[in-house]
$ cat model10.tsv   # TSV, C-alpha atoms
chain	number	residue	atom	x	y	z
A	193	ARG	CA	-7.49	13.04	-27.51
A	194	ASN	CA	-9.27	10.12	-25.82
A	195	MET	CA	-7.75	8.79	-22.61
A	196	SER	CA	-8.23	5.20	-23.80
A	197	GLU	CA	-5.93	5.88	-26.78
A	198	ASP	CA	-3.04	6.95	-24.51
A	199	THR	CA	0.00	4.70	-24.76
A	200	VAL	CA	0.93	3.62	-21.25
A	201	ASN	CA	4.68	4.06	-20.84
A	202	SER	CA	5.89	4.57	-17.25
A	203	LEU	CA	9.49	5.00	-18.43
A	204	VAL	CA	8.79	8.51	-19.78
A	205	PHE	CA	8.79	9.71	-16.15
A	206	PHE	CA	12.45	8.61	-15.81
A	207	ARG	CA	13.68	10.57	-18.86
A	208	SER	CA	14.61	13.78	-17.02
A	209	HIS	CA	16.44	11.71	-14.36
A	210	TRP	CA	18.46	9.83	-16.97
A	211	THR	CA	19.38	13.16	-18.63
A	212	VAL	CA	20.60	14.53	-15.27
A	213	TRP	CA	22.47	11.29	-14.43
A	214	MET	CA	24.11	11.54	-17.87
A	215	VAL	CA	25.32	15.10	-17.06
A	216	LEU	CA	26.45	14.01	-13.58
A	217	GLY	CA	28.57	11.22	-15.05
A	218	VAL	CA	26.82	8.24	-13.41
A	219	ALA	CA	24.88	6.90	-16.43
A	220	HIS	CA	27.77	4.84	-17.89
A	221	HIS	CA	25.41	1.83	-18.39
A	222	ARG	CA	23.53	3.85	-21.02
A	223	ILE	CA	26.61	5.03	-22.96
A	224	ARG	CA	27.46	2.99	-26.05
A	225	SER	CA	29.86	5.20	-28.05
A	226	TRP	CA	32.73	7.33	-26.64
A	227	ARG	CA	32.53	5.23	-23.46
A	228	ASN	CA	36.17	5.85	-22.40
A	229	LEU	CA	35.79	9.61	-22.90
A	230	TYR	CA	32.60	9.58	-20.79
A	231	MET	CA	34.36	7.61	-18.03
A	232	ALA	CA	37.18	10.19	-17.98
A	233	TYR	CA	34.59	13.02	-17.80
A	234	SER	CA	32.77	11.16	-15.00
A	235	ILE	CA	35.93	10.64	-12.89
A	236	LEU	CA	37.10	14.26	-13.36
A	237	LEU	CA	33.67	15.74	-12.57
A	238	ASN	CA	33.12	13.59	-9.48
A	239	ILE	CA	36.56	14.44	-8.10
A	240	LEU	CA	36.20	18.20	-8.78
A	241	VAL	CA	32.57	18.59	-7.62
A	242	THR	CA	31.19	15.56	-5.75
A	243	LEU	CA	34.30	15.19	-3.56
A	244	CYS	CA	36.07	18.58	-3.66
A	245	TYR	CA	33.02	20.82	-3.25
A	246	PRO	CA	32.05	19.58	0.26
A	247	PHE	CA	35.80	19.35	1.07
A	248	HIS	CA	36.46	23.06	0.24
A	249	LEU	CA	33.49	24.00	2.47
A	250	GLY	CA	34.55	21.64	5.28
A	251	MET	CA	38.11	23.01	5.38
A	252	SER	CA	36.65	26.37	6.44
A	253	LEU	CA	34.50	25.00	9.31
A	254	PHE	CA	34.66	27.25	12.41
A	255	ARG	CA	37.49	29.30	10.86
A	256	ASN	CA	35.40	32.14	9.50
A	257	ARG	CA	35.37	35.81	10.51
A	258	THR	CA	31.95	35.79	12.21
A	259	LEU	CA	29.64	33.32	14.00
A	260	THR	CA	27.01	33.87	11.27
A	261	GLU	CA	29.50	32.77	8.60
A	262	ASP	CA	30.45	29.74	10.73
A	263	ILE	CA	26.84	28.56	11.03
A	264	LEU	CA	26.09	29.29	7.35
A	265	ASN	CA	29.25	27.37	6.43
A	266	LEU	CA	28.22	24.41	8.63
A	267	THR	CA	24.70	24.33	7.12
A	268	THR	CA	25.99	24.50	3.52
A	269	PHE	CA	28.67	21.89	4.28
A	270	ALA	CA	26.07	19.47	5.75
A	271	THR	CA	23.74	19.93	2.73
A	272	CYS	CA	26.52	19.53	0.12
A	273	THR	CA	28.06	16.51	1.88
A	274	ALA	CA	24.65	14.79	2.04
A	275	CYS	CA	24.10	15.68	-1.61
A	276	SER	CA	27.42	14.11	-2.67
A	277	VAL	CA	26.87	10.98	-0.53
A	278	LYS	CA	23.38	10.47	-2.03
A	279	CYS	CA	24.70	10.97	-5.57
A	280	LEU	CA	27.51	8.41	-5.04
A	281	LEU	CA	25.08	5.88	-3.50
A	282	TYR	CA	22.63	6.25	-6.41
A	283	GLY	CA	25.50	6.10	-8.92
A	284	TYR	CA	26.79	2.87	-7.33
A	285	ASN	CA	23.33	1.22	-7.53
A	286	ILE	CA	22.24	2.71	-10.89
A	287	GLN	CA	21.73	-0.80	-12.39
A	288	LYS	CA	18.68	-1.17	-10.12
A	289	VAL	CA	16.94	1.52	-12.23
A	290	LEU	CA	17.34	-0.74	-15.31
A	291	GLN	CA	15.73	-3.58	-13.31
A	292	MET	CA	12.86	-1.27	-12.35
A	293	GLU	CA	12.38	-0.27	-16.00
A	294	ARG	CA	12.14	-3.93	-17.04
A	295	LEU	CA	9.44	-4.60	-14.42
A	296	LEU	CA	7.54	-1.41	-15.29
A	297	ASN	CA	7.44	-2.51	-18.96
A	298	LEU	CA	5.85	-5.83	-17.89
A	299	LEU	CA	3.24	-4.02	-15.78
A	300	ASP	CA	2.54	-1.40	-18.49
A	301	GLU	CA	1.71	-4.16	-20.98
A	302	ARG	CA	-1.08	-5.37	-18.67
A	303	VAL	CA	-2.95	-2.04	-18.55
A	304	ASP	CA	-6.05	-2.61	-20.68
A	305	SER	CA	-9.22	-0.92	-19.37
A	306	VAL	CA	-10.31	2.73	-19.60
A	307	GLU	CA	-10.32	3.00	-15.77
A	308	GLN	CA	-6.68	1.85	-15.58
A	309	ARG	CA	-5.68	4.36	-18.28
A	310	ALA	CA	-7.46	7.06	-16.28
A	311	ILE	CA	-5.18	6.18	-13.32
A	312	TYR	CA	-2.17	6.56	-15.66
A	313	GLY	CA	-3.57	9.99	-16.64
A	314	GLN	CA	-3.68	10.97	-12.95
A	315	VAL	CA	-0.03	9.90	-12.55
A	316	LYS	CA	0.95	12.33	-15.32
A	317	VAL	CA	-0.75	15.20	-13.46
A	318	GLN	CA	0.70	14.20	-10.06
A	319	LEU	CA	4.26	13.92	-11.36
A	320	ARG	CA	3.96	17.22	-13.26
A	321	ASN	CA	2.97	18.80	-9.92
A	322	VAL	CA	5.99	17.17	-8.22
A	323	LEU	CA	8.23	18.71	-10.89
A	324	TYR	CA	6.64	22.13	-10.25
A	325	ILE	CA	7.26	21.71	-6.50
A	326	PHE	CA	10.97	21.08	-7.10
A	327	ILE	CA	11.30	23.96	-9.57
A	328	GLY	CA	9.37	26.15	-7.12
A	329	ILE	CA	11.72	25.37	-4.21
A	330	TYR	CA	15.03	25.37	-6.11
A	331	LEU	CA	14.60	28.56	-8.20
A	332	PRO	CA	14.07	31.00	-5.28
A	333	CYS	CA	17.00	29.36	-3.41
A	334	ALA	CA	19.36	29.78	-6.37
A	335	LEU	CA	18.07	33.30	-7.09
A	336	PHE	CA	18.40	34.66	-3.54
A	337	ALA	CA	21.77	32.92	-2.97
A	338	GLU	CA	23.03	34.79	-6.05
A	339	LEU	CA	21.38	38.10	-5.02
A	340	SER	CA	22.72	37.95	-1.44
A	341	PHE	CA	26.18	37.40	-2.95
A	342	ILE	CA	25.82	40.30	-5.49
A	343	PHE	CA	24.61	42.76	-2.81
A	344	LYS	CA	27.45	42.01	-0.37
A	345	GLU	CA	29.11	45.23	0.78
A	346	GLU	CA	32.65	43.86	0.68
A	347	ARG	CA	34.46	41.33	-1.51
A	348	GLY	CA	33.40	37.85	-0.46
A	349	LEU	CA	32.45	34.37	-1.63
A	350	MET	CA	28.99	33.00	-2.31
A	351	TYR	CA	29.55	30.51	0.55
A	352	PRO	CA	32.28	30.75	3.23
A	353	ALA	CA	34.97	28.27	2.07
A	354	TRP	CA	38.67	27.47	1.81
A	355	PHE	CA	40.76	27.77	-1.38
A	356	PRO	CA	44.45	26.86	-1.82
A	357	PHE	CA	45.12	30.40	-3.16
A	358	ASP	CA	44.55	33.98	-2.02
A	359	TRP	CA	41.22	35.05	-3.54
A	360	LEU	CA	40.83	38.15	-1.36
A	361	ASN	CA	43.75	40.18	-2.75
A	362	SER	CA	43.80	38.91	-6.35
A	363	THR	CA	40.99	39.79	-8.78
A	364	ARG	CA	41.80	36.81	-11.04
A	365	ASN	CA	41.77	34.35	-8.13
A	366	TYR	CA	38.56	35.97	-6.82
A	367	TYR	CA	36.81	35.26	-10.15
A	368	ILE	CA	38.20	31.70	-10.31
A	369	ALA	CA	36.89	30.99	-6.76
A	370	ASN	CA	33.44	32.40	-7.54
A	371	VAL	CA	33.10	30.61	-10.90
A	372	TYR	CA	34.02	27.33	-9.15
A	373	GLN	CA	31.40	27.95	-6.43
A	374	ILE	CA	28.64	28.89	-8.92
A	375	VAL	CA	29.33	25.96	-11.31
A	376	GLY	CA	29.78	23.58	-8.35
A	377	ILE	CA	26.51	24.57	-6.68
A	378	SER	CA	24.69	24.20	-10.03
A	379	TYR	CA	25.92	20.59	-10.24
A	380	GLN	CA	24.97	20.05	-6.60
A	381	LEU	CA	21.44	21.33	-7.37
A	382	LEU	CA	21.21	18.80	-10.22
A	383	GLN	CA	22.39	16.05	-7.85
A	384	ASN	CA	19.82	17.18	-5.30
A	385	TYR	CA	17.00	17.26	-7.87
A	386	VAL	CA	17.60	13.69	-9.04
A	387	SER	CA	18.20	12.36	-5.50
A	388	ASP	CA	14.99	13.90	-4.13
A	389	CYS	CA	12.71	13.57	-7.14
A	390	PHE	CA	13.50	10.01	-8.31
A	391	PRO	CA	12.29	8.22	-5.11
A	392	ALA	CA	9.03	10.20	-5.28
A	393	VAL	CA	8.52	9.23	-8.95
A	394	ALA	CA	9.35	5.55	-8.26
A	395	LEU	CA	6.93	5.31	-5.31
A	396	CYS	CA	4.23	7.18	-7.26
A	397	LEU	CA	4.50	4.60	-10.07
A	398	VAL	CA	4.42	1.72	-7.55
A	399	SER	CA	1.23	3.08	-5.92
A	400	ALA	CA	-0.37	3.74	-9.37
A	401	HIS	CA	0.35	0.18	-10.55
A	402	ALA	CA	-1.01	-1.21	-7.25
A	403	LYS	CA	-4.18	0.83	-7.90
A	404	MET	CA	-4.40	-0.51	-11.49
A	405	LEU	CA	-3.91	-4.08	-10.22
A	406	TYR	CA	-6.81	-3.48	-7.78
A	407	LYS	CA	-9.00	-2.59	-10.79
A	408	ARG	CA	-7.83	-5.70	-12.72
A	409	PHE	CA	-8.71	-7.94	-9.75
A	410	GLU	CA	-12.21	-6.42	-9.63
A	411	ASP	CA	-12.73	-7.34	-13.32
A	412	VAL	CA	-11.79	-11.03	-12.86
A	413	GLY	CA	-14.71	-13.32	-13.80
A	414	ARG	CA	-16.88	-10.48	-15.16
A	415	ASP	CA	-16.16	-11.14	-18.87
A	416	PRO	CA	-17.77	-14.47	-19.98
A	417	THR	CA	-15.36	-14.69	-22.99
A	418	LYS	CA	-12.31	-14.97	-20.70
A	419	ASP	CA	-11.15	-17.82	-18.47
A	420	PRO	CA	-11.45	-16.50	-14.85
A	421	GLU	CA	-8.66	-18.75	-13.56
A	422	LYS	CA	-6.23	-17.52	-16.25
A	423	GLU	CA	-7.18	-13.91	-15.37
A	424	LEU	CA	-6.55	-14.61	-11.68
A	425	GLU	CA	-3.15	-16.23	-12.44
A	426	ALA	CA	-2.18	-13.20	-14.56
A	427	CYS	CA	-3.11	-10.87	-11.67
A	428	ILE	CA	-1.06	-12.97	-9.22
A	429	THR	CA	1.93	-12.72	-11.61
A	430	ASP	CA	1.39	-8.94	-11.77
A	431	HIS	CA	1.43	-8.82	-7.96
A	432	LYS	CA	4.74	-10.73	-7.97
A	433	HIS	CA	6.22	-8.21	-10.47
A	434	LEU	CA	4.84	-5.30	-8.44
A	435	LEU	CA	6.41	-6.60	-5.21
A	436	GLU	CA	9.73	-7.08	-7.02
A	437	LEU	CA	9.49	-3.50	-8.36
A	438	PHE	CA	8.73	-2.20	-4.85
A	439	GLN	CA	11.63	-4.14	-3.28
A	440	THR	CA	14.07	-2.96	-6.00
A	441	ALA	CA	12.95	0.67	-5.55
A	442	GLU	CA	13.26	0.36	-1.76
A	443	ALA	CA	16.77	-1.14	-2.00
A	444	PHE	CA	17.78	1.68	-4.39
A	445	MET	CA	16.57	4.55	-2.18
A	446	SER	CA	16.95	3.07	1.33
A	447	LEU	CA	20.39	4.47	2.33
A	448	PRO	CA	20.11	7.83	0.50
A	449	MET	CA	16.74	8.44	2.19
A	450	ILE	CA	18.14	7.95	5.71
A	451	VAL	CA	20.87	10.49	4.80
A	452	GLN	CA	18.11	12.80	3.51
A	453	PHE	CA	15.93	12.60	6.64
A	454	SER	CA	18.92	13.24	8.96
A	455	THR	CA	20.16	16.23	6.95
A	456	THR	CA	16.69	17.77	6.49
A	457	ALA	CA	16.09	18.06	10.24
A	458	ILE	CA	19.51	19.62	10.92
A	459	THR	CA	19.72	22.02	7.94
A	460	SER	CA	16.13	23.34	8.17
A	461	CYS	CA	16.63	24.02	11.89
A	462	MET	CA	20.02	25.72	11.35
A	463	GLY	CA	18.61	27.81	8.48
A	464	ILE	CA	15.76	29.13	10.67
A	465	ALA	CA	18.18	29.77	13.58
A	466	ILE	CA	20.45	31.94	11.38
A	467	LEU	CA	17.39	33.68	9.92
A	468	PHE	CA	16.09	34.71	13.37
A	469	PHE	CA	19.26	35.31	15.38
A	470	PHE	CA	22.31	35.92	13.24
A	471	SER	CA	21.41	37.40	9.86
A	472	SER	CA	20.61	41.07	9.24
A	473	GLU	CA	20.99	41.46	5.44
A	474	PRO	CA	17.56	41.35	3.67
A	475	MET	CA	18.75	39.22	0.70
A	476	ALA	CA	20.55	36.74	2.99
A	477	ARG	CA	17.40	36.47	5.13
A	478	ALA	CA	15.22	35.84	2.05
A	479	TYR	CA	17.69	33.11	0.92
A	480	LEU	CA	17.66	31.48	4.38
A	481	PHE	CA	13.86	31.50	4.48
A	482	PHE	CA	13.53	29.77	1.08
A	483	TYR	CA	16.43	27.44	1.93
A	484	SER	CA	14.70	26.27	5.16
A	485	VAL	CA	11.36	25.79	3.39
A	486	ALA	CA	13.10	23.88	0.54
A	487	SER	CA	14.90	21.60	3.05
A	488	ILE	CA	11.53	20.59	4.51
A	489	LEU	CA	9.46	20.44	1.30
A	490	GLN	CA	11.91	18.35	-0.71
A	491	ILE	CA	11.16	15.23	1.37
A	492	PHE	CA	7.37	15.64	1.27
A	493	PRO	CA	6.57	14.15	-2.21
A	494	CYS	CA	8.54	10.99	-1.42
A	495	CYS	CA	6.84	10.59	1.99
A	496	PHE	CA	3.41	11.22	0.44
A	497	PHE	CA	3.82	8.56	-2.28
A	498	GLY	CA	5.37	6.17	0.26
A	499	THR	CA	2.12	6.38	2.26
A	500	ALA	CA	0.05	6.01	-0.97
A	501	SER	CA	1.89	2.81	-2.00
A	502	GLU	CA	1.48	1.35	1.51
A	503	TYR	CA	-2.28	2.14	1.36
A	504	TRP	CA	-2.84	0.46	-2.03
A	505	PHE	CA	-0.75	-2.60	-1.18
A	506	GLY	CA	-2.83	-2.91	2.01
A	507	ARG	CA	-6.09	-2.92	0.02
A	508	LEU	CA	-5.19	-5.63	-2.52
A	509	HIS	CA	-6.67	-8.48	-0.45
A	510	TYR	CA	-10.04	-6.65	-0.55
A	511	ALA	CA	-9.77	-6.55	-4.35
A	512	ALA	CA	-9.41	-10.35	-4.46
A	513	PHE	CA	-12.91	-10.61	-2.91
A	514	SER	CA	-14.34	-7.84	-5.12
A	515	CYS	CA	-14.14	-10.09	-8.18
A	516	ASN	CA	-16.81	-12.60	-9.23
A	517	TRP	CA	-15.33	-15.39	-7.06
A	518	ILE	CA	-18.53	-17.00	-5.68
A	519	MET	CA	-19.35	-18.65	-9.03
A	520	GLN	CA	-15.84	-20.12	-9.51
A	521	ASN	CA	-14.47	-23.65	-8.95
A	522	ARG	CA	-12.36	-24.92	-6.03
A	523	SER	CA	-9.04	-24.56	-7.89
A	524	PHE	CA	-9.79	-20.83	-8.43
A	525	LYS	CA	-10.69	-20.34	-4.77
A	526	ARG	CA	-7.54	-22.11	-3.57
A	527	LYS	CA	-5.36	-19.81	-5.69
A	528	GLN	CA	-7.37	-16.83	-4.50
A	529	MET	CA	-6.78	-17.75	-0.82
A	530	LEU	CA	-3.04	-18.24	-1.43
A	531	PHE	CA	-2.88	-14.76	-2.96
A	532	VAL	CA	-4.82	-13.23	-0.03
A	533	GLU	CA	-2.37	-14.84	2.44
A	534	ARG	CA	0.57	-13.36	0.50
A	535	SER	CA	-0.99	-9.90	0.21
A	536	PHE	CA	-1.35	-9.56	4.01
A	537	LYS	CA	2.41	-8.97	4.21
A	538	ASN	CA	3.01	-5.31	5.03
A	539	SER	CA	4.73	-3.37	2.24
A	540	ILE	CA	6.17	-0.23	3.80
A	541	ALA	CA	9.21	1.39	2.15
A	542	MET	CA	11.92	1.76	4.80
A	543	ALA	CA	14.83	4.20	4.87
A	544	GLY	CA	17.93	2.41	6.10
A	545	GLY	CA	15.71	-0.37	7.46
A	546	MET	CA	14.73	1.96	10.33
A	547	LEU	CA	12.40	4.77	9.26
A	548	PRO	CA	9.25	4.25	7.18
A	549	ILE	CA	9.17	6.51	4.10
A	550	SER	CA	5.77	7.93	4.99
A	551	VAL	CA	3.92	11.11	5.95
A	552	SER	CA	4.31	10.18	9.65
A	553	THR	CA	8.12	10.28	9.25
A	554	PHE	CA	7.81	13.67	7.50
A	555	PHE	CA	6.05	15.07	10.59
A	556	SER	CA	8.54	13.32	12.92
A	557	THR	CA	11.36	15.07	11.03
A	558	LEU	CA	9.60	18.43	11.54
A	559	LYS	CA	9.20	17.68	15.28
A	560	PHE	CA	12.91	16.80	15.55
A	561	ALA	CA	13.88	20.04	13.73
A	562	TYR	CA	11.63	22.00	16.13
A	563	SER	CA	13.19	20.31	19.20
A	564	LEU	CA	16.67	21.14	17.87
A	565	PHE	CA	15.58	24.76	17.29
A	566	MET	CA	14.32	25.03	20.90
A	567	ILE	CA	17.72	23.81	22.16
A	568	ILE	CA	19.46	26.53	20.09
A	569	LEU	CA	16.92	29.06	21.42
A	570	GLN	CA	17.84	28.21	25.01
A	571	MET	CA	21.55	28.48	24.19
A	572	THR	CA	21.28	31.99	22.67
$ encode --input "model10.tsv" --output "structure tokens"
Amino acid sequence: RNMSEDTVNSLVFFRSHWTVWMVLGVAHHRIRSWRNLYMAYSILLNILVTLCYPFHLGMSLFRNRTLTEDILNLTTFATCTACSVKCLLYGYNIQKVLQMERLLNLLDERVDSVEQRAIYGQVKVQLRNVLYIFIGIYLPCALFAELSFIFKEERGLMYPAWFPFDWLNSTRNYYIANVYQIVGISYQLLQNYVSDCFPAVALCLVSAHAKMLYKRFEDVGRDPTKDPEKELEACITDHKHLLELFQTAEAFMSLPMIVQFSTTAITSCMGIAILFFFSSEPMARAYLFFYSVASILQIFPCCFFGTASEYWFGRLHYAAFSCNWIMQNRSFKRKQMLFVERSFKNSIAMAGGMLPISVSTFFSTLKFAYSLFMIILQMT
């Protein structure tokens, strides 16, 4: 099938996220029928998992039988609390996704050349690879967490935690506790997937549309059948929509990303510390290894596409001078200069208004995790 025949529809990349948000009970804006039933499901699920899951881990903090269990409990508690906080923040701002979809539809309609469709084809490949990264980091974590639990020598829980009943001496209560932990962590993995993957997808689409706009600017004044000034005005409108899309995406992910960066540094460091100093079981060590790698890798796609969008926004003023502007009238050149002035404004996605969502922040997070690890090393 020819690339030029591809229908450009950026919203297809949000489908898996909407499905997950539907399961997690935060997609009430998309529900038309059985709305009250869905709201009841949403409230019940978020109380039982989003709030109670970190709570049942937190109630056991520093009350476990061994130091290893205490540190594992602290690491799991930090991850699950961050996961719940991110999910609630995204759920609260979910209307911003509808705004982003409206703007993406406007930008999709403007994709007309074969080169621009080729960029859309690249986006498909990039986002498929992002999906493979997340499947590749979550599956081994889930698998080895389960295996380390199955191969435990004595009766125990998947994660050290508190329950309001005696699970140690009752087989029924033991099964109830473990089913709750397995179902709960499955929901937390879904929350984590959508919280980590959606910002990467949004920034990838922003950078792709900035790249397509660059191509459209280059074509201005090349076709003698079209009015160059009208083409320029259309490109300036596209830039306005693109900036609005970027600002909406940034507002949507800003707070959850600062939570993500903070947790990543702490949990990856703690995971490696337990792996080297406290854990002796092979399955538990394999789980901790994959867990630490997953903690670090899950922020990389978002940082990578954050840098890509910054790069393409920064090049748009060059595109304005790549078109056939020399032959145009004064009115055209005035509009062109106004656009160039506007495009000089730096467009860097910020987490919590403090940290740039970029590859440099990814490496800063790794450095912070390493510094924290060295402190633990000196303490042991």
$ closest_residue --input "model10.tsv" --among "A:Ile428, A:Met546, A:Ala219, A:Leu296" --to "A:Ala512" --atoms "only C-alpha atoms"
A:Ile428
$ atom_distance --input "model10.tsv" --atom1 "atom CA of A:Leu281" --atom2 "atom CA of A:Tyr385"
14.6 Å
$ residues_around --input "model10.tsv" --residues "A:Ile491" --least-positions-apart "3" --cutoff "9 Å" --atoms "all atoms listed in the file" --output "ChimeraX atom specification"
/A:388-389,392,449,452-453,456,486-488,494-496,554
$ closest_residue --input "model10.tsv" --among "A:Val485, A:Ala561, A:Val375, A:Leu530" --to "A:Ser454" --atoms "all atoms listed in the file"
A:Ala561
$ residues_near_point --input "model10.tsv" --point "(-6.2, 0.9, -12.0)" --cutoff "10 Å" --atoms "all atoms listed in the file" --output "list in words"
Val303, Asp304, Ser305, Val306, Glu307, Gln308, Arg309, Ala310, Ile311, Tyr312, Ser399, Ala400, His401, Ala402, Lys403, Met404, Leu405, Tyr406, Lys407, Arg408, Phe409 and Glu410 of chain A
$ residues_around --input "model10.tsv" --residues "stretch 555-560 of chain A" --least-positions-apart "2" --cutoff "8 Å" --atoms "all atoms listed in the file" --output "mmCIF file with C-alpha atoms, in the frame of the given file"
data_model
loop_
_atom_site.group_PDB
_atom_site.id
_atom_site.type_symbol
_atom_site.label_atom_id
_atom_site.label_comp_id
_atom_site.auth_asym_id
_atom_site.auth_seq_id
_atom_site.Cartn_x
_atom_site.Cartn_y
_atom_site.Cartn_z
ATOM 1 C CA PHE A 453 15.930 12.600 6.640
ATOM 2 C CA THR A 456 16.690 17.770 6.490
ATOM 3 C CA ALA A 457 16.090 18.060 10.240
ATOM 4 C CA ILE A 488 11.530 20.590 4.510
ATOM 5 C CA VAL A 551 3.920 11.110 5.950
ATOM 6 C CA SER A 552 4.310 10.180 9.650
ATOM 7 C CA THR A 553 8.120 10.280 9.250
ATOM 8 C CA TYR A 562 11.630 22.000 16.130
ATOM 9 C CA SER A 563 13.190 20.310 19.200
ATOM 10 C CA LEU A 564 16.670 21.140 17.870
#
$ atom_distance --input "model10.tsv" --atom1 "atom CA of A:Cys396" --atom2 "atom CA of A:Arg207"
15.3 Å
$ closest_residue --input "model10.tsv" --among "A:Ser340, A:Ser514, A:Thr268, A:Asn228" --to "A:Met475" --atoms "only C-alpha atoms"
A:Ser340
$ closest_atom_pairs --input "model10.tsv" --of "stretch 269-387 of chain A" --to "stretch 256-260 of chain A" --cutoff "12 Å" --atoms "all atoms listed in the file" --output "JSON lines"
{"residue": "A:Gly348", "atom": "CA", "partner": "A:Arg257", "partner_atom": "CA", "distance": 11.3}
{"residue": "A:Leu349", "atom": "CA", "partner": "A:Asn256", "partner_atom": "CA", "distance": 11.7}
{"residue": "A:Tyr351", "atom": "CA", "partner": "A:Asn256", "partner_atom": "CA", "distance": 10.8}
{"residue": "A:Pro352", "atom": "CA", "partner": "A:Asn256", "partner_atom": "CA", "distance": 7.1}
{"residue": "A:Ala353", "atom": "CA", "partner": "A:Asn256", "partner_atom": "CA", "distance": 8.4}
{"residue": "A:Trp354", "atom": "CA", "partner": "A:Asn256", "partner_atom": "CA", "distance": 9.6}
$ residues_around --input "model10.tsv" --residues "A:Arg534" --least-positions-apart "4" --cutoff "12 Å" --atoms "all atoms listed in the file" --output "JSON, numbers by chain"
{"A": [428, 431, 432, 435, 505, 506, 508, 509, 512, 527, 528, 529, 530, 538, 539]}
$ atom_distance --input "model10.tsv" --atom1 "atom CA of A:Asp262" --atom2 "atom CA of A:Gln373"
17.3 Å
$ closest_residue --input "model10.tsv" --among "A:Ser535, A:Thr455, A:Asn521, A:Ser501" --to "A:Thr271" --atoms "all atoms listed in the file"
A:Thr455
$ residues_around --input "model10.tsv" --residues "A:Glu442" --least-positions-apart "2" --cutoff "8 Å" --atoms "all atoms listed in the file" --output "short mmCIF file (atom, residue, chain, number, x, y, z; two decimals) with C-alpha atoms, in the coordinates of the input"
data_model
loop_
_atom_site.label_atom_id
_atom_site.label_comp_id
_atom_site.auth_asym_id
_atom_site.auth_seq_id
_atom_site.Cartn_x
_atom_site.Cartn_y
_atom_site.Cartn_z
CA PHE A 438 8.73 -2.20 -4.85
CA GLN A 439 11.63 -4.14 -3.28
CA THR A 440 14.07 -2.96 -6.00
CA PHE A 444 17.78 1.68 -4.39
CA MET A 445 16.57 4.55 -2.18
CA SER A 446 16.95 3.07 1.33
CA ALA A 541 9.21 1.39 2.15
CA MET A 542 11.92 1.76 4.80
CA ALA A 543 14.83 4.20 4.87
#
$ closest_residue --input "model10.tsv" --among "A:Trp517, A:Tyr324, A:Phe469, A:Trp359" --to "A:Val412" --atoms "all atoms listed in the file"
A:Trp517
$ closest_residue --input "model10.tsv" --among "A:Leu280, A:Pro448, A:Glu502, A:Cys461" --to "A:Lys537" --atoms "only C-alpha atoms"
A:Glu502
$ residues_around --input "model10.tsv" --residues "A:Tyr372" --least-positions-apart "4" --cutoff "12 Å" --atoms "all atoms listed in the file" --output "ChimeraX atom specification"
/A:240-241,244-245,248,349-351,353-355,359,365-368,376-380
$ decode --input "model10.tsv" --residues "stretch 396-410 of chain A" --atoms "C-alpha atoms" --output "PDB file, in the first residue's frame"
ATOM      1  CA  CYS A 396       6.032  12.357  19.812  1.00  0.00           C
ATOM      2  CA  LEU A 397       2.945  13.679  17.981  1.00  0.00           C
ATOM      3  CA  VAL A 398       3.875  17.287  18.822  1.00  0.00           C
ATOM      4  CA  SER A 399       7.406  16.824  17.410  1.00  0.00           C
ATOM      5  CA  ALA A 400       6.035  15.007  14.301  1.00  0.00           C
ATOM      6  CA  HIS A 401       3.544  17.818  13.576  1.00  0.00           C
ATOM      7  CA  ALA A 402       6.304  20.425  14.086  1.00  0.00           C
ATOM      8  CA  LYS A 403       8.380  18.474  11.530  1.00  0.00           C
ATOM      9  CA  MET A 404       5.419  18.377   9.094  1.00  0.00           C
ATOM     10  CA  LEU A 405       4.874  22.123   9.562  1.00  0.00           C
ATOM     11  CA  TYR A 406       8.572  22.654   8.707  1.00  0.00           C
ATOM     12  CA  LYS A 407       7.943  20.826   5.397  1.00  0.00           C
ATOM     13  CA  ARG A 408       4.799  22.910   4.701  1.00  0.00           C
ATOM     14  CA  PHE A 409       6.748  26.151   5.259  1.00  0.00           C
ATOM     15  CA  GLU A 410       9.405  24.986   2.777  1.00  0.00           C
TER      16      GLU A 410
END
